[in-house]
Structures are given as C-alpha cells and as structure tokens.
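Pasting run.csv here (CSV, C-alpha atoms):
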```csv
chain,number,residue,atom,x,y,z
A,571,MET,CA,58.5,14.8,24.9
A,572,THR,CA,59.7,12.0,27.0
A,573,ALA,CA,57.2,9.4,28.3
A,574,LYS,CA,57.0,9.4,32.0
A,575,GLU,CA,55.6,7.0,34.6
A,576,LEU,CA,52.6,7.9,36.6
A,577,PRO,CA,52.4,7.6,40.4
A,578,GLN,CA,49.7,5.0,39.8
A,579,GLU,CA,50.6,1.6,38.3
A,580,THR,CA,48.0,2.0,35.6
A,581,LEU,CA,49.3,3.3,32.3
A,582,GLU,CA,47.5,6.1,30.6
A,583,ILE,CA,48.2,6.5,26.9
A,584,GLY,CA,46.9,9.5,24.9
A,585,LEU,CA,45.9,8.5,21.4
A,586,THR,CA,45.3,11.1,18.8
A,587,GLY,CA,45.5,11.8,15.1
A,588,GLY,CA,43.9,14.0,12.4
A,589,ILE,CA,40.4,13.3,11.2
A,590,GLY,CA,40.5,10.3,8.8
A,591,SER,CA,43.8,9.1,10.1
A,592,GLY,CA,42.4,5.7,11.3
A,593,LYS,CA,42.5,6.5,15.0
A,594,SER,CA,39.3,4.5,15.7
A,595,THR,CA,40.7,1.5,14.0
A,596,VAL,CA,43.9,1.8,16.1
A,597,SER,CA,42.0,2.2,19.4
A,598,ALA,CA,39.9,-0.9,18.6
A,599,GLY,CA,43.1,-2.8,17.9
A,600,LEU,CA,44.6,-1.8,21.2
A,601,VAL,CA,41.5,-2.9,23.0
A,602,GLU,CA,41.7,-6.3,21.3
A,603,ARG,CA,45.2,-6.6,22.6
A,604,GLY,CA,44.1,-5.9,26.2
A,605,ALA,CA,43.7,-2.1,26.7
A,606,VAL,CA,40.6,-0.3,28.0
A,607,LEU,CA,39.3,2.7,26.1
A,608,VAL,CA,38.0,6.1,27.0
A,609,ASP,CA,36.6,7.4,23.7
A,610,ALA,CA,36.0,11.1,23.5
A,611,ASP,CA,34.0,10.9,20.3
A,612,ALA,CA,31.7,8.4,21.8
A,613,ILE,CA,31.3,10.6,24.8
A,614,VAL,CA,30.4,13.6,22.6
A,615,ARG,CA,27.8,11.5,20.7
A,616,ASP,CA,26.2,10.5,23.9
A,617,LEU,CA,26.1,14.0,25.3
A,618,GLN,CA,24.6,15.3,22.1
A,619,LYS,CA,21.6,12.9,22.2
A,620,PRO,CA,18.1,14.6,22.4
A,621,GLY,CA,17.2,15.6,25.9
A,622,LYS,CA,20.8,15.9,27.0
A,623,PRO,CA,22.1,19.3,28.2
A,624,VAL,CA,24.6,19.7,25.3
A,625,PHE,CA,21.9,19.0,22.7
A,626,LYS,CA,19.6,21.6,24.4
A,627,LYS,CA,22.4,24.2,24.4
A,628,MET,CA,23.2,23.6,20.8
A,629,VAL,CA,19.6,24.0,19.7
A,630,GLU,CA,19.4,27.2,21.7
A,631,ARG,CA,22.4,28.5,19.8
A,632,TRP,CA,21.6,27.4,16.3
A,633,GLY,CA,17.9,26.6,16.2
A,634,GLU,CA,15.9,23.7,14.7
A,635,LYS,CA,17.9,23.8,11.5
A,636,ILE,CA,20.4,21.4,13.3
A,637,ILE,CA,17.7,18.9,14.1
A,638,THR,CA,16.8,16.0,11.7
A,639,ASN,CA,13.3,15.0,10.9
A,640,ASP,CA,13.7,12.2,13.4
A,641,GLY,CA,14.5,14.7,16.2
A,642,ASP,CA,18.2,13.8,16.4
A,643,LEU,CA,21.2,16.1,16.0
A,644,ASP,CA,22.0,16.8,12.4
A,645,ARG,CA,25.8,16.6,12.6
A,646,GLN,CA,26.4,17.6,9.1
A,647,ALA,CA,24.3,20.7,9.5
A,648,VAL,CA,26.4,21.6,12.6
A,649,ALA,CA,29.6,20.9,10.7
A,650,ASP,CA,28.5,23.2,7.9
A,651,ILE,CA,28.1,26.0,10.4
A,652,VAL,CA,31.1,25.7,12.6
A,653,PHE,CA,33.9,24.6,10.3
A,654,LYS,CA,33.5,27.6,8.2
A,655,ASN,CA,33.3,30.1,11.0
A,656,GLU,CA,35.9,30.4,13.8
A,657,GLU,CA,33.5,32.2,16.2
A,658,GLU,CA,30.8,29.5,15.8
A,659,LEU,CA,33.4,26.7,16.3
A,660,LEU,CA,34.5,28.5,19.5
A,661,ALA,CA,30.9,28.6,20.7
A,662,LEU,CA,30.5,24.8,20.0
A,663,ASN,CA,33.7,24.1,21.9
A,664,GLU,CA,32.5,26.1,24.9
A,665,ILE,CA,29.2,24.1,24.9
A,666,VAL,CA,30.7,20.7,24.5
A,667,HIS,CA,34.2,20.6,26.0
A,668,PRO,CA,33.6,21.2,29.7
A,669,LEU,CA,31.1,18.3,30.0
A,670,VAL,CA,33.3,16.0,27.8
A,671,ARG,CA,36.3,16.6,30.0
A,672,GLU,CA,34.1,15.9,33.1
A,673,GLU,CA,33.0,12.6,31.7
A,674,ILE,CA,36.5,11.7,30.5
A,675,ALA,CA,37.8,12.3,34.1
A,676,ARG,CA,35.0,10.1,35.5
A,677,GLN,CA,35.9,7.2,33.2
A,678,ARG,CA,39.6,7.6,33.8
A,679,ASP,CA,39.0,7.3,37.5
A,680,GLU,CA,36.9,4.2,37.0
A,681,HIS,CA,39.5,2.5,34.9
A,682,MET,CA,42.3,3.3,37.4
A,683,ARG,CA,40.9,0.5,39.6
A,684,GLY,CA,42.1,-2.0,37.0
A,685,SER,CA,45.5,-3.0,35.7
A,686,ALA,CA,44.9,-2.7,31.9
A,687,PRO,CA,46.5,0.2,30.1
A,688,ILE,CA,44.0,3.0,29.5
A,689,ILE,CA,43.8,4.4,26.0
A,690,LEU,CA,42.5,8.0,26.0
A,691,ASP,CA,41.2,8.4,22.4
A,692,ILE,CA,40.9,12.1,22.1
A,693,PRO,CA,41.0,13.9,18.7
A,694,LEU,CA,41.9,17.2,20.3
A,695,LEU,CA,44.4,15.8,22.7
A,696,ILE,CA,47.2,18.1,21.7
A,697,GLU,CA,45.0,21.2,21.7
A,698,SER,CA,43.4,20.3,25.0
A,699,GLY,CA,46.7,20.2,26.9
A,700,TYR,CA,46.3,16.9,28.6
A,701,GLN,CA,49.3,16.3,30.9
A,702,ASP,CA,50.7,13.6,33.2
A,703,LEU,CA,50.1,10.8,30.7
A,704,SER,CA,52.4,7.8,30.4
A,705,GLY,CA,52.9,8.6,26.7
A,706,ILE,CA,51.2,10.0,23.6
A,707,VAL,CA,50.6,7.9,20.5
A,708,VAL,CA,49.9,9.7,17.2
A,709,VAL,CA,48.3,8.0,14.2
A,710,ASP,CA,49.9,9.7,11.2
A,711,LEU,CA,48.4,9.9,7.8
A,712,HIS,CA,49.3,12.4,5.0
A,713,PRO,CA,46.5,15.0,4.9
A,714,GLU,CA,45.8,14.5,1.2
A,715,GLU,CA,45.3,10.8,1.8
A,716,ALA,CA,43.1,11.6,4.8
A,717,VAL,CA,40.9,13.8,2.5
A,718,ASP,CA,40.6,11.0,0.0
A,719,ARG,CA,39.6,8.4,2.6
A,720,LEU,CA,37.0,10.8,4.1
A,721,VAL,CA,35.5,11.3,0.7
A,722,GLU,CA,35.6,7.7,-0.4
A,723,HIS,CA,34.7,5.9,2.8
A,724,ARG,CA,32.8,8.3,4.9
A,725,GLY,CA,30.8,10.3,2.3
A,726,PHE,CA,32.4,13.7,3.1
A,727,SER,CA,32.5,16.4,0.4
A,728,ARG,CA,36.1,17.4,-0.3
A,729,GLU,CA,35.4,20.9,0.9
A,730,ASP,CA,34.0,19.6,4.2
A,731,ALA,CA,37.0,17.3,4.7
A,732,LEU,CA,39.5,20.1,4.0
A,733,ASN,CA,37.6,22.5,6.4
A,734,ARG,CA,37.7,20.0,9.2
A,735,ILE,CA,41.4,19.3,8.7
A,736,SER,CA,42.3,23.0,8.6
A,737,ASN,CA,40.6,23.5,12.0
A,738,GLN,CA,42.8,20.9,13.7
A,739,VAL,CA,46.4,21.3,14.9
A,740,ASP,CA,48.7,20.8,12.0
A,741,ARG,CA,50.5,17.5,11.3
A,742,GLU,CA,54.0,18.7,12.2
A,743,GLU,CA,52.9,20.0,15.7
A,744,ARG,CA,51.0,16.8,16.4
A,745,LEU,CA,54.0,14.7,15.5
A,746,SER,CA,56.3,16.9,17.6
A,747,LYS,CA,54.3,15.8,20.7
A,748,ALA,CA,54.4,12.1,19.9
A,749,ASP,CA,56.2,9.5,22.0
A,750,PHE,CA,55.3,6.9,19.5
A,751,VAL,CA,54.0,7.3,15.9
A,752,ILE,CA,51.8,4.8,14.1
A,753,ASP,CA,52.2,5.2,10.3
A,754,ASN,CA,48.9,4.6,8.6
A,755,ASN,CA,50.0,5.5,5.1
A,756,GLY,CA,50.0,1.8,4.0
A,757,ASP,CA,47.4,-0.9,3.8
A,758,ARG,CA,45.4,-2.6,6.6
A,759,ASP,CA,47.9,-5.4,7.1
A,760,SER,CA,50.6,-2.7,7.5
A,761,LEU,CA,48.5,-0.9,10.1
A,762,GLU,CA,48.0,-4.2,12.1
A,763,ASP,CA,51.8,-4.5,12.2
A,764,GLU,CA,52.0,-0.9,13.4
A,765,ILE,CA,49.5,-1.5,16.1
A,766,ASP,CA,51.5,-4.6,17.3
A,767,LYS,CA,54.6,-2.4,17.6
A,768,ALA,CA,52.6,0.3,19.5
A,769,TRP,CA,51.3,-2.4,21.9
A,770,SER,CA,54.8,-3.7,22.5
A,771,TRP,CA,55.9,-0.2,23.2
A,772,ILE,CA,53.1,0.4,25.6
A,773,MET,CA,53.8,-2.9,27.5
A,774,GLY,CA,57.4,-1.8,27.7
A,775,LEU,CA,56.5,1.3,29.6
A,776,SER,CA,55.4,-0.7,32.7
A,777,LYS,CA,58.7,-2.5,33.1
```
Just give me the structure as structure tokens.
Amino acid sequence: MTAKELPQETLEIGLTGGIGSGKSTVSAGLVERGAVLVDADAIVRDLQKPGKPVFKKMVERWGEKIITNDGDLDRQAVADIVFKNEEELLALNEIVHPLVREEIARQRDEHMRGSAPIILDIPLLIESGYQDLSGIVVVDLHPEEAVDRLVEHRGFSREDALNRISNQVDREERLSKADFVIDNNGDRDSLEDEIDKAWSWIMGLSK
C-alpha cells in the first residue's frame, strides 16, 4: 500500500497492532510529539458504561452474568464468552461497531479543523476496511512475546491471551497493509527511538 495525500491538509494516520503489541504506548508517544488522538478502545469503554445503549444491548444478549457487583460491565466475563465462540463474537461486533464508527467519524470531523496529525488508534483497523488515510502505521510484536506481556503485565491467563490473538487478523496480513512499521520487540528505549522515526515519517508526509 502506498501512502496517499488527502484532499484536506490534515494528515490522518491509522495506527494498529495486535493485542499486547504496545499500541497504546505508541499512540501516547505520538500525542506527546504533537498529534491528536482518536482512540477506538476509549470510545468502546465509554459506550459500554452503565446506562449507555451498548451496555443495555449487551445485557439483553448475555444477562446479568456480565455485570459486576458494582454494576459495571465485567469485561473478562464478556471475553470469556465471545473469544471462545465465533457466533457470540459476531453478535458483540454487531452491537458495538456501528456506534463506535459513528463516534470515530464525529471525532475525526472535529479534529479536521486543526492542523495536527490525527492518529486513529483502532485495533481492528485492517479488518474494518478504513480507507482514504494518509498512511497506516503498524506496531509489530512477535505473538509469543505479546502473550508473555499480556500474562505478565496485564494479568491475562495464557488461554485468554491466545484466544484474543487468534480472533484478530494475523501478523503477516497486518504487516502487508503497513506503510510504516514500528518494531516493539526490544526494550522501552528502543521503542522510543521507533516512535521518533515514525513521527519523522508522519511529518514527512505533509511536505
């Protein structure tokens, strides 16, 4: 894929990567360097708050077993259901994705009024078929290393981590869509260097 310029002056960069790849760290680093962020995961969390339409539809589908004692969504309970059953995952996507895309579009339009590059941090960017972007940045991490980091740093069981990774587009396909790849197989200092390189690449697109 060749990065292309948009009719607007504002750059829109799709940022994606497998779960556990360090994508959130990268997006935060790009914001520190001057970008603005549209964060799909943050949008999902907001839409899944108690009282919101997505929350209500999910409870209608799976019942109170997905609600914590505090009345919030039990994300692990949902994960235990959907990442082991393709039909249930499809049902979740049908509930969540339309409203997420709507909110992403609203935030994109809002940021188009400024001059800072827009980072669209979307885990399912490749699967969702977003087009007309200035470029796609992929944060790459070996799947086995991603599993280890999810278990060690985020408290996932190994089975849960493997199930989630298996339900995402595979590494090779993701890399084939990349205009720029950030290698996160090293340490944090190495990642900062990679983010610097990505930022330089992004800035070069506007010239």
Checklist entry - Can you tell me, as an MDAnalysis selection string, what residues are no more than 10 Å from A:Leu745 when counting only C-alpha atoms, ignoring any on the same chain fewer than 6 positions away? => result chainID A and resid 586:587 696 706:710 751
Checklist entry - Which of these, A:Ile689, A:Ile583, A:Ile772, A:Val596, has the shortest distance to A:Asp753 once you count only C-alpha atoms? => result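 Answer, going by the shortest atom-to-atom distance: A:Val596.
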Next on the checklist: List the spatial neighbours of stretch 666-672 of chain A as a VMD selection string - criterion: any atom at most 7 Å away, only C-alpha atoms, same-chain residues fewer than 5 positions off excluded.
Outcome noted: chain A and resid 613 to 614 624
Scan for residues within 7 Å of the point (42.0, 1.9, 25.5) in the coordinates of the file, using only C-alpha atoms, and reply as a PDB file with C-alpha atoms, in the frame of the given file.
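So the final result, stored in selection-v9.pdb, reads:
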```
ATOM      1  CA  SER A 597      42.000   2.200  19.400  1.00  0.00           C
ATOM      2  CA  LEU A 600      44.600  -1.800  21.200  1.00  0.00           C
ATOM      3  CA  VAL A 601      41.500  -2.900  23.000  1.00  0.00           C
ATOM      4  CA  ALA A 605      43.700  -2.100  26.700  1.00  0.00           C
ATOM      5  CA  VAL A 606      40.600  -0.300  28.000  1.00  0.00           C
ATOM      6  CA  LEU A 607      39.300   2.700  26.100  1.00  0.00           C
ATOM      7  CA  VAL A 608      38.000   6.100  27.000  1.00  0.00           C
ATOM      8  CA  PRO A 687      46.500   0.200  30.100  1.00  0.00           C
ATOM      9  CA  ILE A 688      44.000   3.000  29.500  1.00  0.00           C
ATOM     10  CA  ILE A 689      43.800   4.400  26.000  1.00  0.00           C
ATOM     11  CA  LEU A 690      42.500   8.000  26.000  1.00  0.00           C
TER      12      LEU A 690
END
```
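Interatomic distance, atom CA of A:Asp650 to atom CA of A:Asn754: 27.6 Å.
With all atoms listed in the file as the atoms that count, the residue of A:Ala675, A:Leu703, A:Leu720, A:Leu694 with the shortest distance to A:Asp740 is A:Leu694.
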Item to check | Shortest interatomic distance to A:Leu617 - which of A:Leu775, A:Leu761, A:Ala598, A:Ile674, counting all atoms listed in the file | outcome: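 When distances to A:Leu617 are compared using all atoms listed in the file, the smallest one comes from A:Ile674.
Straight-line separation from atom CA of A:Asp679 to atom CA of A:Asn663: 23.5 Å.
Atom CA of A:Leu660 is found 21.1 Å from atom CA of A:Arg741.
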